[in-house]
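A quick write-up on the structure given underneath.
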Amino acid sequence: MGKTKHEGPMKLNKKPAPKLWASWAPLGLGKVKPKHIRDTMKTAWDNKDNLSYAYRILTQGVCDGCALGVSGLRDQTLAGPHLCTTRLNVLRLNTMPAIEDKWLSADIEQLRKLDSTELRKLGRIPYPLSRKKGERSFSRISWDEALSRIADKIKSIDKRQLAFYLTARGITNEVYYTAAKAARFIGTNNIDNASRICHSPSKTALKRSLGIGASSCSYRDWIGTDVLVFWGSVAANNQPVSTKYMYAAKKAGTKIIMINPYLEPSMEKYWIPSIAESALFGTKITDDVYQVNIGGDIAFMNGVMKHWFEMEREAPGSSIDRAFIEAHTNGFNELKQHIEKQNWKTLEESSGISKDRMKEFAILLARAKTGVFIWSMGLTQHRFATDNISQVANLALLQGFIGRKHCGLMPIRGHSGVQGSGEMGADPFVLPGGDFDEETTARIEKIWGFRIPTWQGDTIGQTIE
């Protein structure tokens, strides 16, 4: 057997850290860019009636902006404050006062004239409300009455006709756990959450490929990896704090690649206000962009693998990590046979990427000693989503990008606290700390002190049907 790719003749060409400035236009004049100062001032104005509480949330609370989960203004990875416009934009949801009574007692048609943004601005619902069929407005009821109505309804129905669904941003692990326990205590396994819908293909594919249903690495692994690939993910928009990680990675020499049908402006260049040179000139984020066809990701990945197998025939061990494959994987020969049957014309037409461009990406990964692959709903909200993620995992396995520093597979999440939903059991297919199987069920029943229903719960889609 030939040498592995980490020992062979192909080495990553370590260049000096790239110039990070995106433009000589100061402050991004004429560019599409975040308006940090404007948005910060707007947030202060929106929260002027509750500034002290808003300040406490920002400095003492856990961020409910995205899945990075910054605590206060800091995290465990990078020095300096972490505050993004996404977190500022949702701040008012926590500080707003109760909705005025006049809106609740008014004709329902007045509320129907408002859009979702206008409805949210009215304030928080402070107490239980009731509106029966034919009534034109809401009526306030007590908590006792509200809970009694719910309890009476639950008692009167088959528990297979009862379902729980958790969807709010910022739900904590403790709430997920309590909801999972309450649902099973009441007698139903129909419990689901918004996170499972977003990334259930990731969990299924990763569980099948790696044996774990979550990320195999952390954000620390971004900084120092040779190549960082964002697949169907616009982290600069959805997880803005992540741009500081990208900035640190680029300063360490990392190449950042974007694979997306749309050339996202925020992933090309970004302005980070807490970093002097970036705040003035902007930061160039991506080194290269592959604009695949919508639904063409698998064809693109197949093309990359096809190049690797062709390169292997010429120089064994130069394009894939044979030592890792032989020690830690199975199904290699089947995958190789499947890929070699593919023809270039179909792969190019399906992916929207030329054979030569696929080869550029194949060589980049083959020469890299480390790599982190990141994806979001561009790959998961898809008819063949699980297959998408399985092929991403295959790319990483062929290169040995698993189980080492600066390597890994990472489904990036949009809301804070979402990873805990499955781990805490707020999912029809899992229980806290394990799958919905006999061993986990016995363990949890012993902890909880009651029997768990044995039938398989439904997802929210099945529940609605």
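Identifiers in this document derive from the order of the structure tokens: chains are assigned A, B, ..., residues are numbered from 1 separately in each chain, and ligands are numbered from 1 in order of occurrence.
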Near stretch 325-329 of chain A, 12 Å: stretch 165-222 of chain A residue rows, closest pairs, only C-alpha atoms, as JSON lines:
{"residue": "A:Arg208", "atom": "CA", "partner": "A:Thr329", "partner_atom": "CA", "distance": 11.9}
{"residue": "A:Ser209", "atom": "CA", "partner": "A:Thr329", "partner_atom": "CA", "distance": 9.0}
{"residue": "A:Leu210", "atom": "CA", "partner": "A:Thr329", "partner_atom": "CA", "distance": 9.3}
{"residue": "A:Gly211", "atom": "CA", "partner": "A:Thr329", "partner_atom": "CA", "distance": 11.5}
Distance table requested - stretch 218-285 of chain A against stretch 398-410 of chain A, cut-off 10 Å, only C-alpha atoms: one row per qualifying residue with the closest atom pair and its distance in Å to one decimal, ordered by chain and rising residue number, as CSV.
residue,atom,partner,partner_atom,distance
A:Ser218,CA,A:Met410,CA,7.9
A:Tyr219,CA,A:Met410,CA,9.0
A:Arg220,CA,A:His406,CA,7.6
A:Asp221,CA,A:His406,CA,4.0
A:Trp222,CA,A:His406,CA,6.2
A:Ile223,CA,A:His406,CA,7.3
A:Gly224,CA,A:His406,CA,6.3
A:Thr225,CA,A:His406,CA,4.7
A:Asp226,CA,A:His406,CA,8.0
A:Val227,CA,A:Cys407,CA,9.2
A:Leu228,CA,A:Cys407,CA,9.2
A:Val229,CA,A:Leu409,CA,9.9
A:Phe230,CA,A:Met410,CA,9.6
_Residues near A:Pro411, cut-off 8 Å, only C-alpha atoms, skip fewer than 2 positions along chain, as a list in words_ =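 Using only C-alpha atoms, the neighbours found are His199, Ser202, Ala214, Ser215, Ile374, Trp375, Ser376, Leu409 and Arg413 of chain A.
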*A:Ile154: which residues within 12 Å, counting only C-alpha atoms, same-chain residues fewer than 3 positions away excluded, as a list in words?*
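Near A:Ile154, the qualifying residues are Leu147, Ser148, Arg149, Ile150, Ala151, Ile157, Asp158, Lys159, Arg160, Gln161, Leu162, Ala163, Phe164, Ala183, Ile186, Gly187 and Thr188 of chain A.
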Go ahead and write the selection's residues with C-alpha atoms as a tab-separated table (two decimals), in the first residue's frame.
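Saved to out.tsv:
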chain	number	residue	atom	x	y	z
A	147	LEU	CA	-54.93	24.77	33.36
A	148	SER	CA	-58.16	23.03	34.36
A	149	ARG	CA	-59.48	23.28	30.80
A	150	ILE	CA	-56.26	21.76	29.46
A	151	ALA	CA	-56.24	18.99	32.07
A	157	ILE	CA	-58.81	11.85	24.93
A	158	ASP	CA	-56.64	8.94	23.81
A	159	LYS	CA	-53.05	9.94	24.65
A	160	ARG	CA	-52.03	9.05	21.09
A	161	GLN	CA	-54.11	12.07	20.10
A	162	LEU	CA	-52.07	14.37	22.37
A	163	ALA	CA	-48.89	16.06	21.16
A	164	PHE	CA	-46.34	18.57	22.43
A	183	ALA	CA	-45.15	14.38	28.08
A	186	ILE	CA	-48.97	12.25	31.00
A	187	GLY	CA	-48.79	9.26	28.67
A	188	THR	CA	-47.69	10.36	25.20
*Counting only C-alpha atoms, the residue of A:Ala205, A:Ile320, A:Ala366, A:Leu88 that sits nearest A:Ser390*: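 Selected residue with least distance to A:Ser390: A:Ala205.
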_Residue nearest A:Ser350 - candidates A:Thr386, A:Gly295, A:Gly61, A:Phe324, atoms counted: only C-alpha atoms_ =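 Closest to A:Ser350, using only C-alpha atoms: A:Gly295.
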_Can you tell me, as a PyMOL selection string, which residues in stretch 236-318 of chain A count as helix (DSSP H, G or I) by DSSP?_
chain A and resi 236-238+242-251+265-268+276-281+297-314
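The spacing separating atom CA of A:Ala362 from atom CA of A:Gln239 amounts to 27.8 Å.
Minimum atom-to-atom distance to A:Ile171, evaluated using only C-alpha atoms, belongs to A:Cys66 out of A:Ile197, A:Ile257, A:Pro432, A:Cys66.
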